[in-house]
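Trainee: Pasting data-v6.cif below, which is mmCIF, C-alpha atoms and all ligand atoms.
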```
data_work
loop_
_atom_site.label_atom_id
_atom_site.label_comp_id
_atom_site.auth_asym_id
_atom_site.auth_seq_id
_atom_site.Cartn_x
_atom_site.Cartn_y
_atom_site.Cartn_z
CA MET A 1 19.58 -20.82 -2.53
CA GLU A 2 19.07 -17.37 -4.01
CA PRO A 3 21.74 -17.16 -6.72
CA LEU A 4 24.07 -14.14 -6.82
CA LEU A 5 22.00 -12.05 -4.44
CA GLN A 6 20.57 -13.24 -1.16
CA ALA A 7 17.89 -10.57 -1.21
CA ALA A 8 15.63 -11.50 1.68
CA GLY A 9 18.55 -12.19 4.02
CA GLY A 10 20.17 -8.75 3.89
CA LEU A 11 21.21 -8.14 0.25
CA ASN A 12 24.31 -10.35 0.51
CA MET A 13 26.09 -10.73 -2.83
CA THR A 14 27.78 -13.91 -3.96
CA SER A 15 29.90 -14.33 -7.07
CA PRO A 16 29.05 -16.39 -10.17
CA ALA A 17 31.91 -18.68 -9.10
CA TYR A 18 29.96 -19.46 -5.91
CA ILE A 19 26.98 -20.56 -8.02
CA THR A 20 29.22 -22.71 -10.21
CA GLY A 21 30.73 -24.23 -7.06
CA ALA A 22 27.29 -24.98 -5.62
CA ARG A 23 26.36 -26.78 -8.87
CA ALA A 24 29.55 -28.83 -8.77
CA LEU A 25 29.03 -29.81 -5.11
CA CYS A 26 25.40 -30.82 -5.76
CA ASP A 27 26.49 -32.92 -8.74
CA GLU A 28 29.24 -34.56 -6.71
CA PHE A 29 26.93 -35.55 -3.84
CA GLY A 30 23.75 -36.20 -5.85
CA VAL A 31 21.81 -33.31 -4.33
CA LEU A 32 19.17 -31.31 -6.20
CA LEU A 33 20.11 -27.68 -6.69
CA ILE A 34 17.16 -25.33 -6.16
CA PHE A 35 17.35 -21.67 -7.12
CA ASP A 36 14.90 -19.21 -5.69
CA GLU A 37 14.72 -16.51 -8.38
CA VAL A 38 11.65 -14.84 -6.92
CA ALA A 39 13.57 -11.65 -6.18
CA THR A 40 16.42 -12.00 -8.69
CA GLY A 41 14.57 -13.18 -11.80
CA PHE A 42 13.36 -11.20 -14.80
CA GLY A 43 16.30 -8.85 -15.23
CA ARG A 44 16.78 -7.71 -11.66
CA THR A 45 20.49 -8.60 -11.73
CA GLY A 46 20.93 -7.52 -15.35
CA LYS A 47 20.28 -10.87 -17.00
CA LEU A 48 17.00 -12.73 -17.36
CA PHE A 49 17.93 -14.93 -14.42
CA ALA A 50 20.76 -14.48 -11.91
CA ALA A 51 21.85 -18.04 -12.69
CA ASP A 52 22.66 -16.86 -16.23
CA HIS A 53 25.66 -14.92 -14.87
CA ALA A 54 27.26 -18.29 -14.19
CA GLY A 55 25.66 -20.28 -17.01
CA VAL A 56 24.31 -22.68 -14.40
CA THR A 57 21.04 -24.58 -14.68
CA PRO A 58 19.39 -25.59 -11.41
CA ASP A 59 17.29 -28.74 -11.05
CA ILE A 60 14.38 -26.72 -9.68
CA MET A 61 13.70 -23.02 -10.01
CA VAL A 62 11.14 -20.93 -8.17
CA LEU A 63 9.64 -17.83 -9.76
CA SER A 64 7.16 -15.22 -8.63
CA LYS A 65 7.22 -11.39 -8.42
CA GLY A 66 8.45 -10.51 -11.95
CA LEU A 67 6.36 -13.31 -13.44
CA THR A 68 3.29 -11.09 -13.42
CA GLY A 69 5.10 -7.77 -13.01
CA GLY A 70 3.28 -7.54 -9.69
CA TYR A 71 -0.16 -7.14 -11.25
CA LEU A 72 -1.50 -10.34 -9.69
CA GLY A 73 -0.16 -12.81 -7.16
CA HIS A 74 1.26 -15.80 -9.01
CA ALA A 75 4.20 -18.16 -8.67
CA ALA A 76 5.72 -21.03 -10.60
CA THR A 77 8.02 -23.94 -9.76
CA LEU A 78 10.05 -25.13 -12.73
CA ALA A 79 11.89 -28.44 -12.86
CA THR A 80 14.15 -30.23 -15.31
CA ASP A 81 12.76 -33.19 -17.24
CA ARG A 82 14.75 -35.51 -14.97
CA VAL A 83 13.02 -34.21 -11.83
CA HIS A 84 9.63 -33.99 -13.55
CA ASN A 85 9.81 -37.54 -14.87
CA ALA A 86 10.73 -38.90 -11.44
CA PHE A 87 7.30 -37.82 -10.19
CA ILE A 88 5.19 -39.04 -13.10
CA GLY A 89 3.10 -42.09 -12.34
CA ASP A 90 -0.35 -43.40 -11.45
CA THR A 91 0.57 -44.61 -7.99
CA PRO A 92 1.12 -42.57 -4.84
CA GLN A 93 4.62 -44.04 -4.74
CA HIS A 94 5.52 -42.17 -7.91
CA ALA A 95 3.09 -39.31 -8.39
CA PHE A 96 3.90 -36.06 -6.66
CA MET A 97 0.76 -35.80 -4.55
CA HIS A 98 0.09 -32.12 -4.18
CA GLY A 99 -2.91 -29.87 -4.62
CA PRO A 100 -2.53 -26.18 -3.88
CA THR A 101 -5.90 -24.45 -3.61
CA PHE A 102 -5.14 -21.90 -6.33
CA MET A 103 -2.95 -24.05 -8.57
CA GLY A 104 -3.01 -23.09 -12.24
CA ASN A 105 -5.33 -20.14 -11.67
CA PRO A 106 -6.34 -19.22 -15.26
CA LEU A 107 -6.55 -15.45 -14.67
CA ALA A 108 -3.13 -15.36 -12.97
CA CYS A 109 -1.65 -17.47 -15.79
CA ARG A 110 -3.10 -15.07 -18.39
CA VAL A 111 -1.64 -12.07 -16.55
CA ALA A 112 1.75 -13.82 -16.38
CA LEU A 113 1.68 -14.55 -20.13
CA GLU A 114 0.84 -10.92 -20.89
CA SER A 115 3.53 -9.65 -18.54
CA LEU A 116 6.12 -11.93 -20.19
CA ARG A 117 4.99 -10.71 -23.63
CA VAL A 118 5.51 -7.07 -22.62
CA PHE A 119 8.87 -7.97 -21.02
CA GLU A 120 10.09 -9.44 -24.30
CA GLU A 121 8.46 -7.14 -26.85
CA GLU A 122 9.42 -3.94 -25.05
CA ASN A 123 12.98 -5.21 -24.57
CA TYR A 124 13.13 -4.79 -20.83
CA LEU A 125 16.55 -6.46 -20.64
CA GLY A 126 17.85 -3.80 -23.06
CA LYS A 127 16.27 -1.02 -21.00
CA ILE A 128 17.81 -2.45 -17.83
CA ALA A 129 21.26 -2.52 -19.50
CA THR A 130 20.97 1.14 -20.53
CA LEU A 131 19.73 2.22 -17.10
CA SER A 132 22.41 0.29 -15.25
CA GLN A 133 25.16 1.85 -17.40
CA GLN A 134 23.76 5.31 -16.70
CA LEU A 135 23.45 4.59 -12.98
CA GLN A 136 27.01 3.27 -12.81
CA ARG A 137 28.39 6.29 -14.72
CA GLU A 138 26.55 8.84 -12.58
CA LEU A 139 27.42 7.14 -9.31
CA LEU A 140 31.11 6.99 -10.27
CA GLU A 141 31.05 10.67 -11.26
CA ASP A 142 29.16 11.82 -8.17
CA GLN A 143 31.63 14.03 -6.27
CA ALA A 144 29.79 13.93 -2.93
CA LEU A 145 29.66 10.15 -3.09
CA ASN A 146 33.34 9.93 -4.00
CA ALA A 147 34.23 12.22 -1.08
CA HIS A 148 32.43 9.93 1.36
CA PRO A 149 34.84 7.97 3.57
CA PRO A 150 34.96 4.30 2.66
CA TRP A 151 32.76 1.96 4.66
CA PRO A 152 35.05 0.17 7.10
CA THR A 153 35.53 -3.56 6.90
CA TYR A 154 35.29 -5.47 10.14
CA ALA A 155 37.96 -8.03 9.41
CA SER A 156 40.02 -6.73 12.33
CA SER A 157 39.28 -7.58 15.93
CA ALA A 158 38.12 -4.01 16.60
CA PRO A 159 34.39 -3.81 17.36
CA PRO A 160 32.30 -2.05 14.70
CA PRO A 161 31.37 1.54 15.51
CA SER A 162 27.90 2.11 16.86
CA LEU A 163 25.36 2.96 14.16
CA LYS A 164 23.03 4.57 16.68
CA PRO A 165 22.38 8.27 16.08
CA ASN A 166 24.00 10.62 18.56
CA LEU A 167 20.89 11.61 20.50
CA PRO A 168 21.01 14.21 23.30
CA ARG A 169 20.88 12.72 26.83
CA HIS A 170 18.23 13.87 29.30
C1 LIG B 201 13.59 -14.54 -2.29
C2 LIG B 201 12.13 -14.76 -2.09
N1 LIG B 201 11.64 -16.00 -2.21
C3 LIG B 201 10.32 -16.25 -2.06
C4 LIG B 201 9.45 -15.23 -1.74
C5 LIG B 201 8.02 -15.56 -1.63
O1 LIG B 201 7.40 -15.13 -2.78
P1 LIG B 201 5.83 -15.37 -3.03
O2 LIG B 201 5.16 -14.99 -1.75
O3 LIG B 201 5.50 -14.44 -4.14
O4 LIG B 201 5.67 -16.80 -3.39
C6 LIG B 201 9.91 -13.93 -1.59
C7 LIG B 201 9.00 -12.85 -1.23
O5 LIG B 201 9.36 -11.75 -0.93
C8 LIG B 201 11.30 -13.68 -1.77
O6 LIG B 201 11.81 -12.46 -1.67
#
```
Please express what this file holds, its structure, as structure tokens.

Mentor:
Amino acid sequence: MEPLLQAAGGLNMTSPAYITGARALCDEFGVLLIFDEVATGFGRTGKLFAADHAGVTPDIMVLSKGLTGGYLGHAATLATDRVHNAFIGDTPQHAFMHGPTFMGNPLACRVALESLRVFEEENYLGKIATLSQQLQRELLEDQALNAHPPWPTYASSAPPPSLKPNLPRH
């Protein structure tokens, strides 16, 4: 799952409690919890990872985009020691037999390391906090935005209004 923000599926928000609940359910039924933090990682929800809002650690985590700041295509799959150790072995029964063509590309890894260095040394999480406070303040103060009628909720049985523009008929 994408924690906190299902970005690719329509920007659907979930609460940190939902993430905590998912962790509890996975623990109860012995299921691995996988977080896709491709879109949410590296400060995009205000913390380093969206999972940090709930203090939850997944068993597997997928990273990309922010890993290189977009300068080069690169992705990483992280796993806990427990998952990692389950696939260590010299036999096909134990070893995780996989071989992506571009696995461990040295140039992409170097770019990722440099991007992470800049992210840390230039305090991007601090910059994001300042920007988000400013954005929140200005949006709350924006008179035109405040005058806008609230977006209706569709909990009632009434059909949602058409979002099509009112075009002239010919
Ligand atoms: C949530 C999410 N997961 C995975 C991907 C795939 O990322 P990549 O192609 O960099 O591996 C994307 C790409 O947009 C994404 O938004």

Trainee: Kindly give the distance, in Å, that separates atom CA of Ile60 of chain A and atom CA of Ile34 of chain A, rounded to a single decimal.

Mentor: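 According to the coordinates, atom CA of Ile60 of chain A and atom CA of Ile34 of chain A are separated by 4.7 Å.
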
Trainee: Just want the 10 Å neighbourhood of Met1 of chain A, counted on all atoms listed in the file, with same-chain residues fewer than 5 positions away dropped. Output as JSON, numbers by chain.

Mentor: {"A": [6, 19, 22, 33, 34, 35, 36, 37, 61]}

Trainee: Which one of A:Gly73, A:Gly21, A:Pro58, A:Gly30 sits closest to ligand LIG 201 (chain B) if you count all atoms listed in the file?

Mentor: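 Nearest to ligand LIG 201 (chain B): A:Gly73.
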
Trainee: What are the closest atom pairs, with distances in Å to one decimal, for each residue of chain A lying within 8 Å of ligand LIG 201 (chain B), using all atoms listed in the file, rows by chain and rising residue number, as CSV?

Mentor:
```
residue,atom,partner,partner_atom,distance
A:Glu2,CA,B:LIG201,C1,6.4
A:Gln6,CA,B:LIG201,C1,7.2
A:Ala7,CA,B:LIG201,C1,6.0
A:Ala8,CA,B:LIG201,O6,5.2
A:Asp36,CA,B:LIG201,N1,5.7
A:Glu37,CA,B:LIG201,C1,6.5
A:Val38,CA,B:LIG201,N1,4.9
A:Ala39,CA,B:LIG201,C1,4.8
A:Thr40,CA,B:LIG201,C1,7.4
A:Val62,CA,B:LIG201,C3,7.7
A:Leu63,CA,B:LIG201,O4,7.6
A:Ser64,CA,B:LIG201,O3,4.9
A:Lys65,CA,B:LIG201,O3,5.5
A:Gly73,CA,B:LIG201,O3,6.6
A:His74,CA,B:LIG201,O3,6.6
A:Ala75,CA,B:LIG201,O4,5.6
```

Trainee: Based on the selection just made, write C-alpha atoms of those residues as a tab-separated table (two decimals), keeping the file's coordinate frame.

Mentor:
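Once everything was written out, this is selection02.tsv:
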```
chain	number	residue	atom	x	y	z
A	2	GLU	CA	19.07	-17.37	-4.01
A	6	GLN	CA	20.57	-13.24	-1.16
A	7	ALA	CA	17.89	-10.57	-1.21
A	8	ALA	CA	15.63	-11.50	1.68
A	36	ASP	CA	14.90	-19.21	-5.69
A	37	GLU	CA	14.72	-16.51	-8.38
A	38	VAL	CA	11.65	-14.84	-6.92
A	39	ALA	CA	13.57	-11.65	-6.18
A	40	THR	CA	16.42	-12.00	-8.69
A	62	VAL	CA	11.14	-20.93	-8.17
A	63	LEU	CA	9.64	-17.83	-9.76
A	64	SER	CA	7.16	-15.22	-8.63
A	65	LYS	CA	7.22	-11.39	-8.42
A	73	GLY	CA	-0.16	-12.81	-7.16
A	74	HIS	CA	1.26	-15.80	-9.01
A	75	ALA	CA	4.20	-18.16	-8.67
```

Trainee: Can you find the residues with an atom no farther than 10 Å from (29.8, -18.6, -11.2), counting all atoms listed in the file, and report them as an mmCIF file with C-alpha atoms, keeping the file's coordinate frame?

Mentor:
```cif
data_model
loop_
_atom_site.group_PDB
_atom_site.id
_atom_site.type_symbol
_atom_site.label_atom_id
_atom_site.label_comp_id
_atom_site.auth_asym_id
_atom_site.auth_seq_id
_atom_site.Cartn_x
_atom_site.Cartn_y
_atom_site.Cartn_z
ATOM 1 C CA PRO A 3 21.740 -17.160 -6.720
ATOM 2 C CA LEU A 4 24.070 -14.140 -6.820
ATOM 3 C CA THR A 14 27.780 -13.910 -3.960
ATOM 4 C CA SER A 15 29.900 -14.330 -7.070
ATOM 5 C CA PRO A 16 29.050 -16.390 -10.170
ATOM 6 C CA ALA A 17 31.910 -18.680 -9.100
ATOM 7 C CA TYR A 18 29.960 -19.460 -5.910
ATOM 8 C CA ILE A 19 26.980 -20.560 -8.020
ATOM 9 C CA THR A 20 29.220 -22.710 -10.210
ATOM 10 C CA GLY A 21 30.730 -24.230 -7.060
ATOM 11 C CA ALA A 22 27.290 -24.980 -5.620
ATOM 12 C CA ARG A 23 26.360 -26.780 -8.870
ATOM 13 C CA ALA A 50 20.760 -14.480 -11.910
ATOM 14 C CA ALA A 51 21.850 -18.040 -12.690
ATOM 15 C CA ASP A 52 22.660 -16.860 -16.230
ATOM 16 C CA HIS A 53 25.660 -14.920 -14.870
ATOM 17 C CA ALA A 54 27.260 -18.290 -14.190
ATOM 18 C CA GLY A 55 25.660 -20.280 -17.010
ATOM 19 C CA VAL A 56 24.310 -22.680 -14.400
#
```

Trainee: At a cut-off of 12 Å from (20.2, -34.6, -8.5) in the coordinates of the file, what residues are picked up using all atoms listed in the file, written as an NGL selection string?

Mentor: :A and (23-34 or 57-60 or 79-84 or 86)

Trainee: What does the structure give for the distance between atom CA of Asn123 of chain A and atom CA of Pro106 of chain A, in Å to one decimal?

Mentor: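 Between atom CA of Asn123 of chain A and atom CA of Pro106 of chain A the gap works out to 25.6 Å.
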
Trainee: List the neighbours of segment 96-104 of chain A out to 7 Å using only C-alpha atoms; skip same-chain residues closer than 3 positions along the sequence, and give me the result as a list in words.

Mentor: Phe87, Pro92 and Cys109 of chain A

Trainee: Find the residue from A:Gly46, A:Thr68, A:Asn146, A:Leu107 that sits nearest to Thr130 of chain A; use all atoms listed in the file when measuring.

Mentor: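 Of A:Gly46, A:Thr68, A:Asn146, A:Leu107, the one nearest Thr130 of chain A is A:Gly46, counting all atoms listed in the file.
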
Trainee: Which is closer to Asn105 of chain A than all the others in A:Leu139, A:Met13, A:Leu48, A:Leu72, using only C-alpha atoms?

Mentor: A:Leu72

Trainee: What is the distance between atom CA of His148 of chain A and atom CA of Gly10 of chain A, in Å to one decimal?

Mentor: 22.5 Å

Trainee: How big is the axis-aligned box, and where does its centre sit, when it encloses all atoms of segment 91-98 of chain A listed in the file and has 8 Å added on every side, reported in Å to one decimal as JSON?

Mentor:
```
{"center_x": 2.8, "center_y": -38.4, "center_z": -6.3, "size_x": 21.4, "size_y": 28.5, "size_z": 20.2}
```
